[in-house]
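Next comes query_5.cif, with mmCIF, C-alpha atoms.
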```
data_start
#
loop_
_atom_site.label_atom_id
_atom_site.label_comp_id
_atom_site.auth_asym_id
_atom_site.auth_seq_id
_atom_site.Cartn_x
_atom_site.Cartn_y
_atom_site.Cartn_z
CA GLU A 1252 108.73 78.56 86.28
CA TRP A 1253 106.71 75.54 87.36
CA ARG A 1254 103.11 74.81 88.21
CA LEU A 1255 100.79 71.96 89.13
CA TYR A 1256 97.12 72.14 88.25
CA TRP A 1257 93.78 70.38 88.50
CA GLN A 1258 90.76 71.41 86.48
CA ARG A 1259 87.30 70.09 85.69
CA ALA A 1260 85.08 71.17 82.80
CA GLU A 1261 81.45 70.09 82.91
CA VAL A 1262 78.61 70.50 80.45
CA ASP A 1263 75.12 69.69 81.76
CA GLN A 1264 72.34 70.22 79.24
CA VAL A 1265 68.74 69.70 80.33
CA THR A 1266 65.92 69.99 77.79
CA TYR A 1267 62.20 69.94 78.62
CA GLU A 1268 59.76 69.57 75.74
CA ALA A 1269 55.94 69.40 75.62
CA ARG A 1270 54.29 68.17 72.42
CA SER A 1271 50.61 68.60 71.78
CA GLY A 1272 48.75 65.58 70.48
CA THR A 1273 47.58 64.96 66.92
CA SER A 1274 44.96 62.67 65.40
CA SER A 1275 47.52 59.85 65.39
CA SER A 1276 49.61 60.61 68.49
CA ALA A 1277 49.02 61.47 72.14
CA PRO A 1278 50.41 64.59 73.83
CA VAL A 1279 53.74 63.84 75.48
CA TYR A 1280 56.25 65.43 77.81
CA ILE A 1281 59.96 64.73 77.08
CA ASP A 1282 62.85 65.24 79.49
CA ARG A 1283 66.33 64.91 77.92
CA ARG A 1284 69.64 65.18 79.74
CA PHE A 1285 73.21 65.28 78.40
CA ARG A 1286 76.34 65.37 80.53
CA TYR A 1287 80.01 65.73 79.51
CA GLN A 1288 82.83 65.90 82.04
CA ASP A 1289 86.57 66.36 81.49
CA THR A 1290 88.80 66.19 84.59
CA THR A 1291 92.52 66.91 84.13
CA VAL A 1292 95.49 66.90 86.48
CA GLY A 1293 98.92 67.92 85.28
CA GLY A 1294 102.10 69.87 85.68
CA GLU A 1295 104.65 71.76 83.63
CA VAL A 1296 108.13 73.21 83.98
CA THR A 1297 109.58 75.98 81.80
CA VAL A 1298 113.23 77.10 81.83
CA ALA A 1299 114.46 80.20 79.96
CA ARG A 1300 117.96 81.60 79.60
CA ASP A 1301 119.62 84.21 77.39
CA VAL A 1302 123.04 83.27 76.05
CA GLY A 1303 124.41 86.16 74.00
CA ALA A 1304 122.08 86.69 71.04
CA HIS A 1305 120.25 83.42 71.75
CA GLY A 1306 117.06 83.23 73.77
CA LEU A 1307 116.69 79.62 74.90
CA VAL A 1308 113.43 78.19 76.23
CA GLY A 1309 112.81 74.57 77.18
CA GLY A 1310 110.12 72.75 79.03
CA LEU A 1311 108.30 69.61 80.07
CA GLU A 1312 104.51 69.10 80.21
CA LEU A 1313 102.56 66.16 81.61
CA SER A 1314 98.80 65.70 82.02
CA ARG A 1315 96.22 62.99 82.57
CA SER A 1316 92.53 63.42 81.75
CA ARG A 1317 89.41 61.36 82.37
CA ILE A 1318 86.52 62.08 79.97
CA GLU A 1319 82.98 60.88 80.64
CA GLU A 1320 79.76 61.39 78.68
CA ARG A 1321 76.21 60.10 78.98
CA ARG A 1322 72.75 60.79 77.58
CA ASP A 1323 69.54 60.12 79.48
CA GLY A 1324 65.87 60.80 78.98
CA MET A 1325 62.23 60.02 79.75
CA GLN A 1326 58.99 60.44 77.81
CA VAL A 1327 55.57 60.64 79.51
CA ASN A 1328 52.22 60.10 77.77
CA LEU A 1329 50.06 62.94 79.13
CA ASP A 1330 46.81 61.04 78.38
CA THR A 1331 47.67 57.81 80.19
CA GLY A 1332 50.53 58.84 82.46
CA GLU A 1333 52.67 55.99 81.12
CA SER A 1334 56.40 56.68 80.84
CA THR A 1335 59.22 55.18 78.80
CA SER A 1336 62.98 55.63 78.67
CA VAL A 1337 63.08 54.75 74.95
CA LEU A 1338 63.67 57.94 72.93
CA LEU A 1339 64.24 58.03 69.16
CA GLY A 1340 64.67 54.29 69.25
CA GLU A 1341 67.35 54.35 71.96
CA SER A 1342 66.92 52.84 75.42
CA MET A 1343 68.33 55.40 77.87
CA PRO A 1344 70.76 55.94 79.50
CA VAL A 1345 73.55 55.49 76.92
CA ARG A 1346 77.19 56.40 76.37
CA ASP A 1347 78.35 57.37 72.87
CA PHE A 1348 81.94 56.41 73.77
CA PRO A 1349 83.51 54.64 76.77
CA ILE A 1350 84.95 56.47 79.74
CA SER A 1351 88.39 57.44 78.43
CA ASP A 1352 91.70 58.10 80.20
CA ILE A 1353 94.16 60.19 78.16
CA THR A 1354 97.80 60.66 79.18
CA GLU A 1355 99.97 63.21 77.38
CA ALA A 1356 103.60 64.27 77.80
CA GLY A 1357 105.58 66.87 75.87
CA LEU A 1358 109.23 67.89 75.89
CA TYR A 1359 110.42 70.92 73.89
CA LEU A 1360 113.39 73.21 73.26
CA GLN A 1361 113.42 76.53 71.34
CA ASP A 1362 116.21 78.89 70.31
CA ASP A 1363 115.33 82.47 69.31
CA TRP A 1364 118.51 83.83 67.70
CA ARG A 1365 118.65 87.60 67.05
CA PRO A 1366 121.93 88.57 65.41
CA GLY A 1367 123.03 92.16 64.92
CA GLU A 1368 120.53 94.86 65.92
CA GLY A 1369 117.74 92.37 66.49
CA ASP A 1370 115.50 93.28 63.52
CA PHE A 1371 116.04 89.82 62.05
CA SER A 1372 115.59 86.58 63.98
CA VAL A 1373 115.79 82.83 63.43
CA ILE A 1374 113.58 80.63 65.61
CA ALA A 1375 114.36 76.91 65.70
CA ALA A 1376 112.39 74.49 67.87
CA LEU A 1377 111.92 70.78 68.44
CA ARG A 1378 109.09 69.13 70.35
CA ALA A 1379 108.52 65.49 71.28
CA ASP A 1380 105.02 64.30 72.25
CA TRP A 1381 103.76 61.08 73.79
CA TYR A 1382 100.03 60.25 73.71
CA ARG A 1383 98.17 57.33 75.26
CA LEU A 1384 94.44 56.50 75.22
CA ASP A 1385 93.07 53.95 77.71
CA PRO A 1386 89.33 53.26 77.32
CA GLN A 1387 87.47 52.15 80.46
CA PRO A 1388 84.16 50.65 79.23
CA ASP A 1389 81.55 50.24 81.96
CA ALA A 1390 78.26 48.33 82.02
CA MET A 1391 76.31 51.23 80.48
CA TYR A 1392 78.61 51.43 77.45
CA ARG A 1393 78.72 47.65 76.98
CA GLU A 1394 74.94 47.35 77.13
CA ASP A 1395 74.54 50.06 74.49
CA ASN A 1396 77.39 48.73 72.31
CA PRO A 1397 77.50 44.96 72.87
CA ALA A 1398 79.35 44.19 69.61
CA GLN A 1399 82.15 46.74 70.06
CA GLN A 1400 85.49 46.20 71.77
CA PRO A 1401 87.09 49.57 72.57
CA VAL A 1402 90.77 49.91 71.70
CA GLY A 1403 93.63 51.88 73.21
CA ILE A 1404 96.26 53.98 71.44
CA GLU A 1405 99.87 54.79 72.24
CA THR A 1406 102.00 56.95 69.95
CA LEU A 1407 105.20 59.02 70.01
CA SER A 1408 106.12 61.88 67.66
CA ALA A 1409 108.83 64.49 67.06
CA SER A 1410 107.87 67.89 65.58
CA PRO A 1411 110.57 70.32 64.36
CA ARG A 1412 109.85 73.97 63.53
CA LEU A 1413 111.92 76.67 61.84
CA GLY A 1414 110.88 80.32 61.56
CA LEU A 1415 112.32 83.56 60.20
CA THR A 1416 111.10 87.02 61.20
CA TRP A 1417 112.06 90.48 59.96
CA ARG A 1418 110.94 93.58 61.83
CA PHE A 1419 111.19 96.28 59.17
CA SER A 1420 109.38 98.99 61.19
CA ASP A 1421 108.17 99.58 64.75
CA ALA A 1422 104.71 98.35 63.80
CA ALA A 1423 105.29 95.71 61.10
CA THR A 1424 106.96 92.29 61.14
CA ALA A 1425 107.16 89.81 58.26
CA PHE A 1426 107.48 86.09 58.99
CA LEU A 1427 108.12 82.77 57.24
CA GLN A 1428 107.65 79.50 59.08
CA TYR A 1429 107.97 75.76 58.46
CA ALA A 1430 106.42 73.33 60.91
CA HIS A 1431 105.96 69.59 61.15
CA GLY A 1432 102.64 68.79 62.80
CA PHE A 1433 101.21 65.81 64.64
CA ARG A 1434 97.62 65.04 65.65
CA ALA A 1435 96.63 61.99 67.66
CA PRO A 1436 93.38 60.25 66.66
CA PRO A 1437 90.47 61.83 68.60
CA PHE A 1438 89.28 59.42 71.28
CA GLU A 1439 85.62 59.71 70.25
CA ASP A 1440 86.45 58.82 66.62
CA VAL A 1441 88.34 55.68 67.66
CA ASN A 1442 85.64 54.25 69.96
CA ILE A 1443 82.39 56.04 69.08
CA GLY A 1444 79.14 54.08 69.35
CA LEU A 1445 76.31 56.44 68.34
CA ASP A 1446 73.15 54.82 66.97
CA LEU A 1447 69.99 56.86 66.22
CA PRO A 1448 67.44 54.38 64.86
CA GLN A 1449 64.65 56.92 64.30
CA PHE A 1450 66.99 59.03 62.16
CA ASN A 1451 68.37 55.93 60.37
CA VAL A 1452 71.93 56.99 61.27
CA ARG A 1453 74.81 55.18 62.92
CA ALA A 1454 78.35 56.42 63.66
CA ILE A 1455 80.75 53.50 63.86
CA PRO A 1456 84.23 53.41 65.44
CA ASN A 1457 87.52 53.13 63.59
CA PRO A 1458 89.99 51.28 65.84
CA ASP A 1459 92.61 51.39 63.06
CA LEU A 1460 92.70 55.20 62.87
CA LYS A 1461 96.32 56.41 62.57
CA PRO A 1462 97.89 59.65 63.83
CA GLU A 1463 97.84 62.55 61.37
CA ARG A 1464 101.16 64.12 60.36
CA SER A 1465 101.73 67.26 58.34
CA ASP A 1466 104.36 69.58 56.89
CA SER A 1467 103.32 73.20 56.45
CA LEU A 1468 104.68 76.54 55.27
CA GLU A 1469 103.29 79.94 56.26
CA LEU A 1470 104.23 83.40 54.96
CA GLY A 1471 102.70 86.48 56.52
CA LEU A 1472 102.76 89.96 58.00
CA ARG A 1473 101.89 91.17 61.52
CA LEU A 1474 100.87 94.75 62.34
CA ALA A 1475 100.97 96.21 65.86
CA GLY A 1476 100.29 99.92 65.44
CA ARG A 1477 98.21 102.23 67.61
CA ALA A 1478 95.61 102.77 64.89
CA VAL A 1479 95.75 99.46 63.02
CA SER A 1480 96.72 95.99 64.22
CA GLY A 1481 96.29 92.50 62.86
CA SER A 1482 97.85 89.91 60.59
CA ALA A 1483 97.62 88.41 57.12
CA SER A 1484 99.11 85.15 55.90
CA ALA A 1485 99.17 82.54 53.15
CA TRP A 1486 99.75 78.92 54.11
CA PHE A 1487 100.20 75.51 52.53
CA GLY A 1488 100.02 72.09 54.20
CA ARG A 1489 100.73 68.54 53.00
CA TYR A 1490 99.23 65.79 55.18
CA GLN A 1491 99.89 62.09 55.68
CA ASP A 1492 97.10 59.93 57.15
CA PHE A 1493 94.84 63.00 57.22
CA ILE A 1494 91.97 62.41 59.68
CA GLN A 1495 88.62 63.15 58.08
CA SER A 1496 85.85 63.03 60.70
CA LYS A 1497 82.42 61.47 60.24
CA VAL A 1498 82.70 60.43 56.58
CA ASN A 1499 79.40 59.35 55.01
CA LEU A 1500 79.89 55.72 53.96
CA GLY A 1501 76.40 55.41 52.52
CA PRO A 1502 73.72 52.91 53.58
CA ASP A 1503 74.59 49.59 55.17
CA PRO A 1504 73.73 46.95 52.51
CA GLU A 1505 72.07 44.72 55.14
CA THR A 1506 70.08 47.24 57.19
CA GLY A 1507 69.87 50.39 55.04
CA VAL A 1508 71.15 52.49 57.96
CA ILE A 1509 73.39 55.40 56.85
CA LEU A 1510 76.86 54.82 58.30
CA PHE A 1511 79.39 57.46 59.33
CA GLN A 1512 83.02 56.75 60.23
CA SER A 1513 86.18 58.80 60.70
CA GLN A 1514 88.90 57.70 58.28
CA ASN A 1515 92.50 58.33 57.27
CA LEU A 1516 93.38 59.71 53.84
CA ASP A 1517 96.84 58.63 52.72
CA GLN A 1518 97.76 62.00 51.20
CA ALA A 1519 95.95 65.35 51.43
CA GLU A 1520 96.78 68.94 50.62
CA ILE A 1521 95.24 72.14 51.97
CA TRP A 1522 96.23 75.74 51.24
CA GLY A 1523 94.60 79.01 52.11
CA LEU A 1524 94.64 82.71 52.87
CA GLU A 1525 93.49 84.44 56.03
CA ALA A 1526 93.56 87.92 57.50
CA ALA A 1527 92.32 89.72 60.61
CA VAL A 1528 92.59 93.50 61.03
CA SER A 1529 91.36 95.87 63.75
CA ALA A 1530 91.24 99.66 63.30
CA SER A 1531 90.81 101.97 66.30
CA LEU A 1532 88.66 104.92 65.27
CA GLY A 1533 89.84 106.84 68.32
CA ALA A 1534 93.23 107.26 66.64
CA ALA A 1535 91.55 109.61 64.14
CA THR A 1536 89.48 111.65 66.61
CA GLU A 1537 88.98 111.54 70.38
CA ARG A 1538 85.20 111.63 69.90
CA LEU A 1539 85.42 108.05 68.66
CA ASN A 1540 87.52 106.69 71.51
CA GLY A 1541 86.48 103.13 72.31
CA TRP A 1542 85.10 102.42 68.82
CA VAL A 1543 86.88 99.71 66.82
CA VAL A 1544 86.26 98.23 63.36
CA ASP A 1545 87.19 94.55 62.92
CA LEU A 1546 87.51 92.69 59.64
CA SER A 1547 88.49 89.05 59.26
CA ALA A 1548 88.36 86.63 56.34
CA ALA A 1549 89.50 83.08 55.62
CA TYR A 1550 89.68 81.02 52.43
CA ALA A 1551 90.85 77.39 52.15
CA HIS A 1552 91.17 74.87 49.33
CA GLY A 1553 91.74 71.17 50.01
CA ASP A 1554 92.17 67.96 48.00
CA ASP A 1555 92.42 64.25 48.63
CA LEU A 1556 95.51 63.61 46.51
CA GLU A 1557 95.09 59.84 46.33
CA ARG A 1558 91.59 59.97 44.79
CA ASP A 1559 91.96 63.44 43.22
CA VAL A 1560 88.74 64.77 44.77
CA PRO A 1561 87.92 67.76 47.02
CA LEU A 1562 88.19 67.50 50.81
CA ASP A 1563 84.71 67.86 52.24
CA SER A 1564 86.10 68.81 55.66
CA VAL A 1565 87.36 72.18 54.34
CA GLU A 1566 85.06 75.01 55.41
CA PRO A 1567 83.67 77.49 52.85
CA THR A 1568 85.01 81.04 52.61
CA ARG A 1569 83.93 83.21 55.54
CA ALA A 1570 84.26 86.94 56.26
CA VAL A 1571 83.17 88.94 59.33
CA LEU A 1572 82.86 92.71 59.54
CA GLY A 1573 82.28 94.15 63.01
CA LEU A 1574 81.86 97.49 64.75
CA ARG A 1575 82.31 97.40 68.53
CA TYR A 1576 82.50 99.85 71.40
CA GLU A 1577 83.80 99.60 74.96
CA ASP A 1578 83.94 102.55 77.32
CA ALA A 1579 87.16 103.57 79.06
CA ALA A 1580 86.04 101.97 82.33
CA GLU A 1581 85.37 98.67 80.51
CA ARG A 1582 81.86 98.51 81.93
CA PHE A 1583 79.66 98.93 78.84
CA ARG A 1584 80.04 97.04 75.54
CA PHE A 1585 78.26 97.15 72.19
CA GLY A 1586 78.81 95.18 68.99
CA LEU A 1587 77.37 94.99 65.47
CA TYR A 1588 78.62 92.08 63.37
CA THR A 1589 77.90 90.98 59.81
CA THR A 1590 78.97 87.47 58.79
CA ALA A 1591 79.07 86.45 55.13
CA VAL A 1592 79.70 82.80 54.19
CA ALA A 1593 80.05 81.46 50.66
CA GLY A 1594 78.11 78.43 49.49
CA LYS A 1595 79.77 75.02 49.58
CA ARG A 1596 79.68 73.84 45.95
CA ARG A 1597 83.04 72.09 45.61
CA VAL A 1598 82.43 68.67 47.20
CA ASP A 1599 83.46 65.04 46.77
CA THR A 1600 80.99 63.74 44.17
CA THR A 1601 82.19 60.14 44.59
CA ARG A 1602 80.38 59.95 47.94
CA PRO A 1603 76.74 58.78 47.97
CA ASP A 1604 74.23 61.53 47.11
CA PRO A 1605 76.60 64.48 47.80
CA LEU A 1606 75.19 67.57 49.44
CA ARG A 1607 75.83 71.19 48.40
CA ILE A 1608 74.60 74.23 50.30
CA ASP A 1609 74.06 77.92 49.55
CA GLY A 1610 75.85 80.79 51.22
CA PHE A 1611 74.29 83.25 53.67
CA VAL A 1612 74.63 86.63 55.37
CA ALA A 1613 73.75 87.00 59.07
CA VAL A 1614 73.72 90.16 61.22
CA ASP A 1615 74.10 90.09 65.02
CA VAL A 1616 73.77 92.89 67.59
CA THR A 1617 75.16 92.48 71.11
CA ALA A 1618 75.44 94.60 74.24
CA GLY A 1619 76.84 94.06 77.72
CA TRP A 1620 77.08 95.80 81.05
CA THR A 1621 79.48 94.98 83.88
CA ILE A 1622 77.43 95.94 86.92
CA SER A 1623 80.17 95.19 89.45
CA ASP A 1624 83.18 92.95 89.97
CA THR A 1625 80.69 90.10 90.59
CA TRP A 1626 77.77 90.69 88.21
CA ARG A 1627 77.65 91.04 84.42
CA VAL A 1628 74.71 91.20 81.99
CA ASP A 1629 74.99 90.36 78.27
CA ALA A 1630 72.23 90.47 75.66
CA GLY A 1631 72.00 90.07 71.92
CA VAL A 1632 69.73 89.74 68.92
CA PHE A 1633 71.14 87.21 66.46
CA ASN A 1634 70.38 86.65 62.78
CA LEU A 1635 68.63 90.00 62.69
CA GLY A 1636 67.61 89.54 59.04
CA ASP A 1637 65.94 86.19 59.79
CA ALA A 1638 68.12 84.38 57.22
CA SER A 1639 67.51 80.66 56.63
CA TYR A 1640 70.81 78.80 56.36
CA TYR A 1641 72.96 75.80 57.20
CA GLU A 1642 76.45 75.79 58.68
CA TRP A 1643 78.57 73.37 56.65
CA ALA A 1644 80.03 71.77 59.80
CA ASP A 1645 76.49 70.77 60.88
CA VAL A 1646 75.48 68.99 57.65
CA ARG A 1647 78.77 67.84 56.13
CA GLY A 1648 78.54 64.22 55.06
CA ARG A 1649 74.76 64.02 55.08
CA PRO A 1650 73.05 62.96 51.82
CA ALA A 1651 71.31 65.66 49.78
CA SER A 1652 68.04 63.69 49.87
CA ASP A 1653 68.04 63.31 53.68
CA PRO A 1654 64.46 64.09 54.78
CA LEU A 1655 65.77 65.29 58.16
CA LEU A 1656 68.07 67.90 56.63
CA GLU A 1657 65.69 70.75 57.51
CA LEU A 1658 66.22 70.00 61.20
CA TYR A 1659 69.82 71.22 60.84
CA ARG A 1660 68.88 74.74 59.74
CA ARG A 1661 70.16 77.39 62.11
CA PRO A 1662 67.57 79.41 64.05
CA GLY A 1663 65.97 82.43 62.46
CA ARG A 1664 65.91 85.70 64.36
CA ASN A 1665 66.60 84.88 68.02
CA TRP A 1666 67.70 86.63 71.17
CA ARG A 1667 69.73 85.77 74.23
CA LEU A 1668 70.00 87.27 77.71
CA ALA A 1669 72.69 86.12 80.14
CA LEU A 1670 73.43 87.03 83.74
CA THR A 1671 76.92 86.01 84.93
CA ALA A 1672 78.20 85.95 88.49
CA ASN A 1673 81.88 85.59 89.39
CA TRP A 1674 83.00 84.95 92.94
#
```
Starting from the file, lay out its structure as C-alpha cells.
Amino acid sequence: EWRLYWQRAEVDQVTYEARSGTSSSAPVYIDRRFRYQDTTVGGEVTVARDVGAHGLVGGLELSRSRIEERRDGMQVNLDTGESTSVLLGESMPVRDFPISDITEAGLYLQDDWRPGEGDFSVIAALRADWYRLDPQPDAMYREDNPAQQPVGIETLSASPRLGLTWRFSDAATAFLQYAHGFRAPPFEDVNIGLDLPQFNVRAIPNPDLKPERSDSLELGLRLAGRAVSGSASAWFGRYQDFIQSKVNLGPDPETGVILFQSQNLDQAEIWGLEAAVSASLGAATERLNGWVVDLSAAYAHGDDLERDVPLDSVEPTRAVLGLRYEDAAERFRFGLYTTAVAGKRRVDTTRPDPLRIDGFVAVDVTAGWTISDTWRVDAGVFNLGDASYYEWADVRGRPASDPLLELYRRPGRNWRLALTANW
C-alpha cells in the first residue's frame, strides 16, 4: 500500500475587546489576531506478508513541513481616535519563533510471530528515524528578536521494541512490552523568542537542547467484550536528556524579568497507572440501548534522578466518569461527564517560589444533533457547578506570588454552541 499526501492545518484566532474607561485610563478598543499554519507534504509505503506463523510488516515514511506563526494587534483610544500597534509592551506584528522547515523520515520492520494455536504472540520491531529542523528567519522575526540566532537540528535514532501478548479468552488479552523511545527537541523550544514586558515574562531559546531518549516497560490487560471493553496498564520509564518544557529559571539578575527555558535533565524516571473502561448498558436490557458508562483514570509519579527532586511536568491524578447516549441512527447524542483532578502538592521546591495548586471537580453536559450529512449542531454547558480552578499545565513553572496568576483560572460556568458544515 502506498500513498502521497498534502495537508494544511490553520488556526486563525481573532479577538475583539472593548474596555470602558476609568479615572486614570481612557476607553479603548483592542483588536488581536493570532495565526498558526502547518503545511505538510509527504508519502509512505507499507509492505505486509505472511510467512508461516510470522506476520511481517515493513514501511518507509517521508514528510516535510513548513510551520509559520505570527501575532498582530491594534489598540484604539475611543476618546481621541489615536491608534497604536504596541500591545502589552510588544510592537506588533511579531513572531514567537522563526518560520521552520521540518523534514522527517522513518524506516521500520515488524514481525508478529504467533506459534501454535495463535493465543500467544511475540512482536519484535525496529524503527529508524531521521529528523532535521531548518529555521528560516525573516525580517519580522529578526526585528522582534535582534539578539537571537536561530539554530538548526539534525539527528538520527534507532528504536527497538519487543512485545508479548497472551489471549486467554475471546474478550481478554494480557500484554507486556518493552520499547526504546526517541523524541526530537520541539522546534519552538529550540528557537522561541516570546517576550511579554507588561507581564514581566520572557521565554528564551535553548539552542543546545538534545533529543530525549527513553526505555520503558508496560504491563497490562485489554478487554473487548460486548458489554465491557477497555484497558488497564502499569508502566515505567527511564529517560536520558529528558526534555522539560518552559522551566522557571527565576528573575534575570539584571532586569528582574522572569525567565522560562526548556531544558534537558540528564536522568529522569516516571511510572504510573492508567485505565479506561466502557460499559454498554444495552447489554443488560434493550431499554438502555445506546447508553454507555465510561470511566478513565491516570496516575503518574516522576523524579529528576540527578537532583533527587520531583518532576514538575508530571500531571496530577485525574479521573473522568461519563454517561453518554447515541441513538441507533447516530443522529442524536447526549453526554454527562464529571472530571475530578487531585491537587498538585508534590513539586520541585528548589525552583524559585514554587507553586502548588488545589484539586477540583467539574461537571459538563453536552448534546448534539446531526441534522443531515452536511449539517451538525453541538451544544454544551461546561463547569456546571461553577468551580474555580487552575489546570496544572496552564500554571506550571509560574511563581506562587505571581500577581497575574488569577488570570490563568479556568472559566466558571460557561456554554458553547457550534454549527458545523461538511461538504
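For the point (70.1, 76.8, 63.6), the residues with at least one atom inside 12 Å, counting all atoms listed in the file, are Ala1613, Phe1633, Asn1634, Asp1637, Ala1638, Ser1639, Tyr1640, Tyr1641, Glu1642, Trp1643, Ala1644, Asp1645, Val1646, Leu1656, Glu1657, Leu1658, Tyr1659, Arg1660, Arg1661, Pro1662, Gly1663, Arg1664 and Asn1665 of chain A.
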Subject >> Pairwise distance for atom CA of Ser1334 of chain A and atom CA of Val1279 of chain A, rounded to one decimal in Å >> reply: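 These atoms are spaced 9.3 Å apart.
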Original post:
Which residues come within 8 Å of segment 1265-1277 of chain A, counting all atoms listed in the file, excluding same-chain residues fewer than 4 positions away, as a PyMOL selection string?
Top reply: chain A and resi 1281-1285+1328-1330
Excluding Phe1419 of chain A and its own-chain neighbours fewer than 6 positions away, which residues fall within 10 Å of it when counting only C-alpha atoms? Please give them as an mmCIF file with C-alpha atoms, in the frame of the given file.
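So around.cif came out as:
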```
data_model
loop_
_atom_site.group_PDB
_atom_site.id
_atom_site.type_symbol
_atom_site.label_atom_id
_atom_site.label_comp_id
_atom_site.auth_asym_id
_atom_site.auth_seq_id
_atom_site.Cartn_x
_atom_site.Cartn_y
_atom_site.Cartn_z
ATOM 1 C CA ASP A 1370 115.500 93.280 63.520
ATOM 2 C CA PHE A 1371 116.040 89.820 62.050
ATOM 3 C CA ALA A 1425 107.160 89.810 58.260
#
```
**OP:** Give me, please, the distance in Å between atom CA of Phe1348 of chain A and atom CA of Asn1451 of chain A, quoted to one decimal.
**Re:** 19.1 Å
Subject >> Between atom CA of Leu1468 of chain A and atom CA of Ile1494 of chain A - distance in Å to one decimal >> reply: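 Result for atom CA of Ile1494 of chain A versus atom CA of Leu1468 of chain A: 19.5 Å, one decimal.
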Subject >> Nearby residues (all atoms listed in the file) at most 12 Å from Ala1390 of chain A, same-chain spacing under 2 positions excluded, as a list in words >> reply: Pro1344, Val1345, Arg1346, Pro1349, Ile1350, Gln1387, Pro1388, Tyr1392, Arg1393, Glu1394, Asp1395, Asn1396 and Pro1397 of chain A
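You can rank A:Ala1579, A:Leu1516, A:Val1543, A:Val1560 by their closest distance to Arg1597 of chain A using all atoms listed in the file, and at the top of that list sits A:Val1560.
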Which residues, named as in the file, does the PyMOL selection byres ((chain A and resi 1413) around 10) pick out? Answer as a CSV table (one decimal) with C-alpha atoms, in the coordinates of the input.
```csv
chain,number,residue,atom,x,y,z
A,1361,GLN,CA,113.4,76.5,71.3
A,1362,ASP,CA,116.2,78.9,70.3
A,1373,VAL,CA,115.8,82.8,63.4
A,1374,ILE,CA,113.6,80.6,65.6
A,1375,ALA,CA,114.4,76.9,65.7
A,1376,ALA,CA,112.4,74.5,67.9
A,1377,LEU,CA,111.9,70.8,68.4
A,1411,PRO,CA,110.6,70.3,64.4
A,1412,ARG,CA,109.8,74.0,63.5
A,1414,GLY,CA,110.9,80.3,61.6
A,1415,LEU,CA,112.3,83.6,60.2
A,1427,LEU,CA,108.1,82.8,57.2
A,1428,GLN,CA,107.6,79.5,59.1
A,1429,TYR,CA,108.0,75.8,58.5
A,1430,ALA,CA,106.4,73.3,60.9
A,1431,HIS,CA,106.0,69.6,61.2
A,1468,LEU,CA,104.7,76.5,55.3
```
Check what the PyMOL selection byres ((chain A and resi 1615) around 6) selects in the file above and give those residues as a CSV table (one decimal) with C-alpha atoms, in the frame of the given file.
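out07.csv, freshly written:
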```csv
chain,number,residue,atom,x,y,z
A,1587,LEU,CA,77.4,95.0,65.5
A,1588,TYR,CA,78.6,92.1,63.4
A,1614,VAL,CA,73.7,90.2,61.2
A,1616,VAL,CA,73.8,92.9,67.6
A,1632,VAL,CA,69.7,89.7,68.9
A,1633,PHE,CA,71.1,87.2,66.5
A,1634,ASN,CA,70.4,86.6,62.8
A,1635,LEU,CA,68.6,90.0,62.7
```
**OP:** Please evaluate the PyMOL selection byres ((chain A and resi 1501) around 10) against the displayed coordinates and give the resulting residues as an MDAnalysis selection string.
**Re:** chainID A and resid 1452 1498:1500 1502:1504 1507:1511 1602:1604 1648:1650
Subject >> Exercise: Leu1524 of chain A partners within 8 Å, only C-alpha atoms, chain neighbours under 4 positions left out, as a list of chain:residue names >> reply: A:Ala1483, A:Ser1484, A:Ala1485, A:Trp1486, A:Ala1549, A:Tyr1550, A:Ala1551
Original post:
So which one's closest to Ser1316 of chain A, A:Trp1257, A:Phe1433, A:Trp1417, A:Phe1583? Using all atoms listed in the file, please.
Top reply: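 Using all atoms listed in the file, the shortest distance to Ser1316 of chain A belongs to A:Trp1257.
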